[in-house]
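Undergrad: Here you go, this is data03.cif (mmCIF, C-alpha atoms).
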```
data_structure
loop_
_atom_site.label_atom_id
_atom_site.label_comp_id
_atom_site.auth_asym_id
_atom_site.auth_seq_id
_atom_site.Cartn_x
_atom_site.Cartn_y
_atom_site.Cartn_z
CA MET A 76 0.00 0.00 0.00
CA GLN A 77 1.28 3.45 -0.95
CA LEU A 78 1.59 5.54 2.19
CA LYS A 79 0.25 9.10 1.96
CA ARG A 80 2.41 12.12 2.79
CA ILE A 81 1.81 15.26 4.83
CA ILE A 82 3.81 18.21 3.50
CA PRO A 83 3.92 21.61 5.20
CA CYS A 84 4.38 24.49 2.77
CA LEU A 85 6.29 27.66 3.55
CA ASP A 86 5.75 30.66 1.26
CA VAL A 87 8.97 32.62 1.73
CA LYS A 88 9.66 36.30 1.17
CA GLY A 89 13.02 37.63 2.30
CA GLY A 90 13.60 34.63 4.56
CA LYS A 91 10.26 35.09 6.31
CA VAL A 92 7.14 32.95 5.92
CA VAL A 93 3.95 34.66 4.78
CA LYS A 94 0.41 33.37 4.26
CA GLY A 95 -2.67 34.84 2.61
CA LYS A 96 -6.00 33.85 1.12
CA SER A 97 -6.50 33.13 -2.59
CA PHE A 98 -2.93 34.41 -3.10
CA LYS A 99 -3.79 37.83 -1.61
CA ARG A 100 -3.50 39.74 1.70
CA LEU A 101 -0.18 38.18 2.71
CA ALA A 102 0.70 38.36 6.39
CA TYR A 103 3.84 37.43 8.33
CA ALA A 104 3.68 33.88 9.69
CA GLY A 105 7.15 33.26 11.16
CA ASP A 106 10.82 32.61 10.49
CA ALA A 107 11.32 30.10 7.68
CA LEU A 108 14.08 27.99 9.21
CA SER A 109 12.47 27.94 12.66
CA LEU A 110 9.14 26.78 11.25
CA ALA A 111 10.84 24.19 9.06
CA LYS A 112 12.63 22.71 12.07
CA LYS A 113 9.38 22.68 14.04
CA TYR A 114 7.48 20.79 11.33
CA TYR A 115 10.37 18.37 10.90
CA ARG A 116 10.26 17.56 14.63
CA GLU A 117 6.49 17.07 14.45
CA GLY A 118 6.86 14.37 11.81
CA ALA A 119 6.42 16.09 8.44
CA ASP A 120 7.21 13.74 5.57
CA GLU A 121 8.55 16.48 3.31
CA LEU A 122 8.66 20.27 3.12
CA VAL A 123 8.03 22.74 0.32
CA PHE A 124 9.55 26.24 0.19
CA LEU A 125 8.15 28.65 -2.39
CA ASP A 126 10.08 31.88 -2.90
CA ILE A 127 7.34 34.34 -3.76
CA ALA A 128 9.80 37.24 -4.21
CA ALA A 129 11.75 35.42 -6.95
CA SER A 130 13.94 38.42 -7.77
CA ALA A 131 17.70 38.21 -8.17
CA GLN A 132 18.01 39.28 -4.54
CA GLY A 133 15.31 36.82 -3.57
CA ARG A 134 17.18 33.95 -5.21
CA GLY A 135 20.24 34.71 -3.11
CA THR A 136 18.10 34.57 0.01
CA ILE A 137 16.44 31.30 -0.96
CA LYS A 138 19.81 29.69 -1.73
CA ARG A 139 21.07 30.61 1.73
CA LEU A 140 17.88 29.23 3.26
CA THR A 141 18.23 26.04 1.20
CA ARG A 142 21.74 25.48 2.55
CA ALA A 143 20.60 26.09 6.12
CA VAL A 144 17.65 23.72 5.79
CA ALA A 145 19.81 20.99 4.25
CA GLN A 146 22.16 21.16 7.23
CA GLU A 147 19.44 20.77 9.86
CA ILE A 148 16.51 18.89 8.34
CA PHE A 149 16.74 15.31 7.15
CA ILE A 150 13.61 14.79 5.09
CA PRO A 151 13.13 15.58 1.39
CA PHE A 152 12.36 19.19 0.57
CA THR A 153 11.37 21.09 -2.54
CA VAL A 154 12.26 24.67 -3.44
CA GLY A 155 10.43 26.76 -6.04
CA GLY A 156 10.18 30.32 -7.25
CA GLY A 157 12.14 32.11 -9.96
CA ILE A 158 13.58 28.96 -11.51
CA ARG A 159 13.71 29.63 -15.25
CA THR A 160 16.63 27.55 -16.53
CA PRO A 161 18.33 24.20 -15.85
CA SER A 162 21.17 26.25 -14.36
CA ASP A 163 18.78 27.87 -11.86
CA ALA A 164 17.51 24.41 -10.93
CA GLY A 165 21.05 23.11 -10.54
CA GLU A 166 21.97 25.90 -8.12
CA ILE A 167 19.06 25.02 -5.83
CA LEU A 168 19.75 21.28 -5.98
CA GLN A 169 23.47 21.80 -5.40
CA ASN A 170 22.65 23.84 -2.29
CA GLY A 171 20.86 20.84 -0.82
CA ALA A 172 17.26 20.70 -2.06
CA ASP A 173 15.95 17.31 -3.21
CA LYS A 174 13.51 18.73 -5.76
CA ILE A 175 12.73 21.97 -7.54
CA SER A 176 9.29 23.34 -8.35
CA ILE A 177 8.51 25.24 -11.54
CA ASN A 178 5.26 26.94 -12.50
CA THR A 179 5.15 30.03 -14.75
CA ALA A 180 8.41 29.18 -16.51
CA ALA A 181 7.11 25.69 -17.32
CA VAL A 182 3.87 27.05 -18.82
CA GLU A 183 5.76 29.59 -20.93
CA ASN A 184 8.50 27.14 -21.93
CA PRO A 185 7.27 23.53 -21.56
CA ALA A 186 10.58 22.21 -22.89
CA LEU A 187 12.14 23.38 -19.61
CA ILE A 188 10.48 20.42 -17.86
CA SER A 189 12.24 17.93 -20.15
CA LYS A 190 15.56 19.75 -19.96
CA ILE A 191 15.64 19.70 -16.16
CA ALA A 192 14.35 16.11 -16.02
CA ARG A 193 17.05 14.91 -18.40
CA LYS A 194 19.78 16.66 -16.45
CA PHE A 195 18.68 15.89 -12.87
CA GLY A 196 16.05 13.15 -13.17
CA SER A 197 12.25 13.32 -13.16
CA GLN A 198 12.22 12.66 -9.42
CA ALA A 199 13.69 16.15 -8.94
CA VAL A 200 11.05 17.98 -11.01
CA VAL A 201 7.79 19.15 -9.46
CA VAL A 202 5.47 21.07 -11.76
CA ALA A 203 3.24 23.40 -9.73
CA ILE A 204 -0.17 24.22 -11.17
CA ASP A 205 -2.29 27.07 -9.80
CA ALA A 206 -5.83 26.41 -10.97
CA LYS A 207 -9.12 28.27 -10.70
CA ARG A 208 -12.57 26.91 -11.40
CA SER A 209 -14.20 28.12 -14.62
CA GLN A 210 -17.73 26.72 -14.88
CA ASN A 211 -17.23 22.94 -15.25
CA SER A 212 -13.45 23.00 -15.64
CA TRP A 213 -10.34 24.62 -14.19
CA THR A 214 -7.99 27.15 -15.76
CA VAL A 215 -4.24 27.53 -15.18
CA PHE A 216 -2.99 30.81 -13.72
CA THR A 217 0.61 32.02 -13.71
CA TYR A 218 2.62 34.86 -12.13
CA GLY A 219 1.43 34.09 -8.62
CA GLY A 220 -2.20 33.85 -9.66
CA ARG A 221 -2.24 37.13 -11.56
CA LYS A 222 -2.44 35.89 -15.15
CA ASP A 223 -5.22 33.72 -16.55
CA THR A 224 -3.57 31.63 -19.28
CA GLY A 225 -6.82 30.12 -20.54
CA ILE A 226 -5.12 26.70 -20.45
CA ASP A 227 -7.17 23.77 -19.15
CA ALA A 228 -5.59 22.48 -15.93
CA ILE A 229 -6.23 18.80 -16.63
CA SER A 230 -4.70 19.02 -20.10
CA TRP A 231 -1.68 20.89 -18.76
CA ALA A 232 -1.13 18.34 -16.01
CA LYS A 233 -1.12 15.53 -18.60
CA LYS A 234 1.34 17.42 -20.79
CA ALA A 235 3.64 18.19 -17.85
CA ALA A 236 3.70 14.51 -16.91
CA SER A 237 4.45 13.49 -20.50
CA LEU A 238 7.37 15.94 -20.62
CA GLY A 239 9.06 14.42 -17.57
CA ALA A 240 7.56 15.95 -14.42
CA GLY A 241 7.95 13.63 -11.45
CA GLU A 242 5.10 15.16 -9.44
CA ILE A 243 2.29 17.67 -9.78
CA LEU A 244 1.76 20.25 -7.02
CA LEU A 245 -1.86 21.22 -7.58
CA THR A 246 -3.21 24.33 -5.86
CA SER A 247 -6.84 25.39 -5.94
CA MET A 248 -6.83 29.18 -5.97
CA ASP A 249 -10.51 29.14 -4.99
CA LYS A 250 -9.75 27.17 -1.85
CA ASP A 251 -6.36 28.64 -0.93
CA GLY A 252 -6.36 29.90 2.66
CA SER A 253 -10.07 29.13 3.13
CA ASN A 254 -9.72 26.25 5.61
CA SER A 255 -12.94 24.92 4.09
CA GLY A 256 -11.49 21.79 2.53
CA TYR A 257 -9.64 21.01 -0.69
CA ASP A 258 -11.17 21.14 -4.16
CA VAL A 259 -11.73 17.40 -4.25
CA GLY A 260 -13.11 17.49 -7.80
CA LEU A 261 -10.00 19.17 -9.15
CA ASN A 262 -7.64 16.81 -7.40
CA ALA A 263 -9.62 13.73 -8.39
CA ALA A 264 -9.68 14.81 -12.04
CA VAL A 265 -5.93 15.45 -12.22
CA SER A 266 -5.11 12.28 -10.25
CA ARG A 267 -7.10 10.22 -12.77
CA ALA A 268 -5.46 11.96 -15.72
CA VAL A 269 -1.79 11.45 -14.80
CA ASN A 270 0.34 8.52 -13.72
CA ILE A 271 2.59 10.52 -11.40
CA PRO A 272 1.95 11.61 -7.79
CA VAL A 273 -0.34 14.58 -7.19
CA ILE A 274 0.17 16.83 -4.16
CA ALA A 275 -3.12 18.50 -3.21
CA SER A 276 -2.91 22.10 -2.05
CA GLY A 277 -5.37 24.78 -0.97
CA GLY A 278 -8.02 24.63 1.72
CA ALA A 279 -6.82 22.35 4.51
CA GLY A 280 -8.86 22.91 7.65
CA SER A 281 -8.87 19.55 9.43
CA ALA A 282 -7.80 15.92 9.25
CA ARG A 283 -11.17 15.12 7.64
CA ASP A 284 -10.44 17.60 4.84
CA ILE A 285 -7.10 15.94 4.23
CA ALA A 286 -8.64 12.46 4.33
CA LYS A 287 -11.21 13.40 1.68
CA VAL A 288 -8.66 14.66 -0.81
CA LEU A 289 -6.31 11.73 -0.21
CA LYS A 290 -9.18 9.31 -0.77
CA SER A 291 -9.97 11.14 -4.03
CA GLY A 292 -6.62 10.09 -5.46
CA ALA A 293 -4.06 12.62 -4.25
CA ASP A 294 -0.81 11.09 -3.04
CA ALA A 295 0.04 13.86 -0.58
CA ALA A 296 -1.55 16.85 1.12
CA LEU A 297 0.11 20.24 1.31
CA LEU A 298 -0.91 22.51 4.17
CA ALA A 299 0.18 25.81 5.62
CA GLY A 300 -2.19 28.12 7.46
CA ILE A 301 -3.56 25.71 10.06
CA LEU A 302 0.02 24.86 11.03
CA HIS A 303 1.40 28.40 10.94
CA ARG A 304 -1.47 29.61 13.16
CA LYS A 305 -0.85 26.71 15.57
CA GLU A 306 -4.41 25.43 15.18
CA THR A 307 -2.99 21.91 15.03
CA THR A 308 0.26 20.02 14.49
CA VAL A 309 1.54 17.53 11.95
CA GLU A 310 1.56 14.88 14.68
CA LYS A 311 -2.10 15.50 15.59
CA LEU A 312 -3.16 15.46 11.95
CA LYS A 313 -1.44 12.14 11.34
CA LYS A 314 -3.18 10.62 14.35
CA GLY A 315 -6.47 11.92 13.04
CA LEU A 316 -5.80 10.47 9.60
CA LYS A 317 -4.95 7.09 11.03
CA SER A 318 -8.25 7.09 12.93
CA LEU A 319 -9.94 7.80 9.57
CA LYS A 320 -8.24 4.74 8.06
CA ILE A 321 -5.71 6.70 5.99
CA ALA A 322 -2.31 5.03 5.81
CA VAL A 323 0.28 7.77 6.36
CA ARG A 324 4.03 7.58 6.81
#
```
Will you turn the file into structure tokens for me?

TA:
Amino acid sequence: MQLKRIIPCLDVKGGKVVKGKSFKRLAYAGDALSLAKKYYREGADELVFLDIAASAQGRGTIKRLTRAVAQEIFIPFTVGGGIRTPSDAGEILQNGADKISINTAAVENPALISKIARKFGSQAVVVAIDAKRSQNSWTVFTYGGRKDTGIDAISWAKKAASLGAGEILLTSMDKDGSNSGYDVGLNAAVSRAVNIPVIASGGAGSARDIAKVLKSGADAALLAGILHRKETTVEKLKKGLKSLKIAVR
């Protein structure tokens, strides 16, 4: 049986963690390294760091954070934000990350997925998809949720997988920061469409929310706000999931 994963996400700006709702109204949530160490101690299976500044200065900050995390945390972690070339990806991986995440750059240059996968292996490539419901489907957004590409999210997930992505990090913009549960329909549709792991993101409010999306086909659940606000812990969520008959690591 494939064990499900619980993955805290840290949106990083200048070394600090921020959190908002539907990608807006960002507020300070804590020091990135301190929170990462806390979630590691609580039993997180992996971590994701997303550099939302993604400027040249921001990349220097995220590289320093990557080195610091690699020295103190011994679970896989992914770093994303501002990665536009295989060289950018290599810098992050060489500083200690296990995987890189690409979003806007992958949409604008799909060949980038294959280039990074060939150089570092598909297991190191996470394609992040920010999706918003549009009637009976979902549309891909880029530039931190600011640009509607008009691309169908299911079709893009299939293409990303075919180009060499090792995982899909799927965020529902409608549910992000809502604590009202994941977009189960979105995650189920993408999970059925691809043969690589799908990490569900956006909307975690409780262990029951996580259980629903994992049962829908997602391989892992990403969560942020309920942990940053100390509403619960990774350890408590895993206990809750086990009581709901979800096999977690």

Undergrad: Go through A:Asn262, A:Thr308, A:Thr141, A:Ser176 one by one, measure the shortest atom-to-atom distance of each to A:Trp213 using all atoms listed in the file, and give the residue with the smallest value.

TA: A:Asn262

Undergrad: List the residues selected by the PyMOL selection byres ((chain A and resi 295-302) around 8) in the file shown, writing them as a PDB file with C-alpha atoms, in the coordinates of the input.

TA:
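And here is the file that came out, out_13.pdb:
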```pdb
ATOM      1  CA  LYS A  79       0.250   9.100   1.960  1.00  0.00           C
ATOM      2  CA  ARG A  80       2.410  12.120   2.790  1.00  0.00           C
ATOM      3  CA  ILE A  81       1.810  15.260   4.830  1.00  0.00           C
ATOM      4  CA  ILE A  82       3.810  18.210   3.500  1.00  0.00           C
ATOM      5  CA  PRO A  83       3.920  21.610   5.200  1.00  0.00           C
ATOM      6  CA  CYS A  84       4.380  24.490   2.770  1.00  0.00           C
ATOM      7  CA  LEU A  85       6.290  27.660   3.550  1.00  0.00           C
ATOM      8  CA  LYS A  94       0.410  33.370   4.260  1.00  0.00           C
ATOM      9  CA  GLY A 252      -6.360  29.900   2.660  1.00  0.00           C
ATOM     10  CA  ASN A 254      -9.720  26.250   5.610  1.00  0.00           C
ATOM     11  CA  PRO A 272       1.950  11.610  -7.790  1.00  0.00           C
ATOM     12  CA  VAL A 273      -0.340  14.580  -7.190  1.00  0.00           C
ATOM     13  CA  ILE A 274       0.170  16.830  -4.160  1.00  0.00           C
ATOM     14  CA  ALA A 275      -3.120  18.500  -3.210  1.00  0.00           C
ATOM     15  CA  SER A 276      -2.910  22.100  -2.050  1.00  0.00           C
ATOM     16  CA  GLY A 277      -5.370  24.780  -0.970  1.00  0.00           C
ATOM     17  CA  GLY A 278      -8.020  24.630   1.720  1.00  0.00           C
ATOM     18  CA  ALA A 279      -6.820  22.350   4.510  1.00  0.00           C
ATOM     19  CA  GLY A 280      -8.860  22.910   7.650  1.00  0.00           C
ATOM     20  CA  ILE A 285      -7.100  15.940   4.230  1.00  0.00           C
ATOM     21  CA  VAL A 288      -8.660  14.660  -0.810  1.00  0.00           C
ATOM     22  CA  LEU A 289      -6.310  11.730  -0.210  1.00  0.00           C
ATOM     23  CA  ALA A 293      -4.060  12.620  -4.250  1.00  0.00           C
ATOM     24  CA  ASP A 294      -0.810  11.090  -3.040  1.00  0.00           C
ATOM     25  CA  HIS A 303       1.400  28.400  10.940  1.00  0.00           C
ATOM     26  CA  ARG A 304      -1.470  29.610  13.160  1.00  0.00           C
ATOM     27  CA  LYS A 305      -0.850  26.710  15.570  1.00  0.00           C
ATOM     28  CA  GLU A 306      -4.410  25.430  15.180  1.00  0.00           C
ATOM     29  CA  THR A 307      -2.990  21.910  15.030  1.00  0.00           C
ATOM     30  CA  THR A 308       0.260  20.020  14.490  1.00  0.00           C
ATOM     31  CA  VAL A 309       1.540  17.530  11.950  1.00  0.00           C
TER      32      VAL A 309
END
```

Undergrad: Could you expand the PyMOL selection byres ((chain A and resi 153) around 10) into the explicit residues it covers here, written as a list in words?

TA: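 Output from the PyMOL selection byres ((chain A and resi 153) around 10), applied to this file: Cys84, Glu121, Leu122, Val123, Phe124, Leu125, Thr141, Pro151, Phe152, Val154, Gly155, Ile167, Leu168, Gly171, Ala172, Asp173, Lys174, Ile175, Ser176, Ala199, Val200 and Val201 of chain A.
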
Undergrad: Would you please work out which residue, of A:Glu310, A:Ala164, A:Gly315, A:Lys207, is nearest to A:Arg116 when using all atoms listed in the file?

TA: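 So, comparing all the options, the nearest one is A:Glu310.
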
Undergrad: Spell out the residues picked by the PyMOL selection byres ((chain A and resi 107) around 8) here, as a compact mmCIF listing (two decimals) with C-alpha atoms, in the frame of the given file.

TA:
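Now in out-v2.txt:
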```txt
# COMPACT_ATOMS: atom_id res chain seq x y z
CA LEU A 85 6.29 27.66 3.55
CA VAL A 87 8.97 32.62 1.73
CA GLY A 90 13.60 34.63 4.56
CA LYS A 91 10.26 35.09 6.31
CA VAL A 92 7.14 32.95 5.92
CA GLY A 105 7.15 33.26 11.16
CA ASP A 106 10.82 32.61 10.49
CA LEU A 108 14.08 27.99 9.21
CA SER A 109 12.47 27.94 12.66
CA LEU A 110 9.14 26.78 11.25
CA ALA A 111 10.84 24.19 9.06
CA LEU A 140 17.88 29.23 3.26
```

Undergrad: Write out as a compact mmCIF listing (two decimals) with C-alpha atoms, in the coordinates of the input the residues lying within 10 Å of A:Arg324, counting only C-alpha atoms and excluding same-chain residues fewer than 2 positions away.

TA:
```
# COMPACT_ATOMS: atom_id res chain seq x y z
CA GLN A 77 1.28 3.45 -0.95
CA LEU A 78 1.59 5.54 2.19
CA LYS A 79 0.25 9.10 1.96
CA ARG A 80 2.41 12.12 2.79
CA ILE A 81 1.81 15.26 4.83
CA GLY A 118 6.86 14.37 11.81
CA ALA A 119 6.42 16.09 8.44
CA ASP A 120 7.21 13.74 5.57
CA LYS A 313 -1.44 12.14 11.34
CA LYS A 317 -4.95 7.09 11.03
CA ILE A 321 -5.71 6.70 5.99
CA ALA A 322 -2.31 5.03 5.81
```

Undergrad: Work out how far atom CA of A:Thr214 is from atom CA of A:Asp249, in Å to one decimal.

TA: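 It comes out at 11.2 Å.
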
Undergrad: Contacts of A:Ser189 at 12 Å or less, counting all atoms listed in the file, minus same-chain residues fewer than 3 places along, as a tab-separated table (two decimals) with C-alpha atoms, in the coordinates of the input?

TA:
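around20.tsv written:
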```tsv
chain	number	residue	atom	x	y	z
A	160	THR	CA	16.63	27.55	-16.53
A	161	PRO	CA	18.33	24.20	-15.85
A	177	ILE	CA	8.51	25.24	-11.54
A	181	ALA	CA	7.11	25.69	-17.32
A	184	ASN	CA	8.50	27.14	-21.93
A	185	PRO	CA	7.27	23.53	-21.56
A	186	ALA	CA	10.58	22.21	-22.89
A	192	ALA	CA	14.35	16.11	-16.02
A	193	ARG	CA	17.05	14.91	-18.40
A	194	LYS	CA	19.78	16.66	-16.45
A	195	PHE	CA	18.68	15.89	-12.87
A	196	GLY	CA	16.05	13.15	-13.17
A	197	SER	CA	12.25	13.32	-13.16
A	198	GLN	CA	12.22	12.66	-9.42
A	199	ALA	CA	13.69	16.15	-8.94
A	200	VAL	CA	11.05	17.98	-11.01
A	201	VAL	CA	7.79	19.15	-9.46
A	202	VAL	CA	5.47	21.07	-11.76
A	234	LYS	CA	1.34	17.42	-20.79
A	235	ALA	CA	3.64	18.19	-17.85
A	236	ALA	CA	3.70	14.51	-16.91
A	237	SER	CA	4.45	13.49	-20.50
A	238	LEU	CA	7.37	15.94	-20.62
A	239	GLY	CA	9.06	14.42	-17.57
A	240	ALA	CA	7.56	15.95	-14.42
A	241	GLY	CA	7.95	13.63	-11.45
```

Undergrad: One number please: atom CA of A:Met248 to atom CA of A:Asp223, in Å, one decimal.

TA: 11.6 Å

Undergrad: Tell me which of A:Val144, A:Ala286, A:Gly292, A:Val215 sits closest to A:Ser318, counting all atoms listed in the file.

TA: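 Residue with the minimum atom-to-atom distance to A:Ser318: A:Ala286.
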
Undergrad: For A:Ser291, which of A:Ile148, A:Ala232, A:Ala143, A:Leu261 is the closest residue, counting all atoms listed in the file?

TA: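 Under the stated criterion, the closest residue is A:Leu261.
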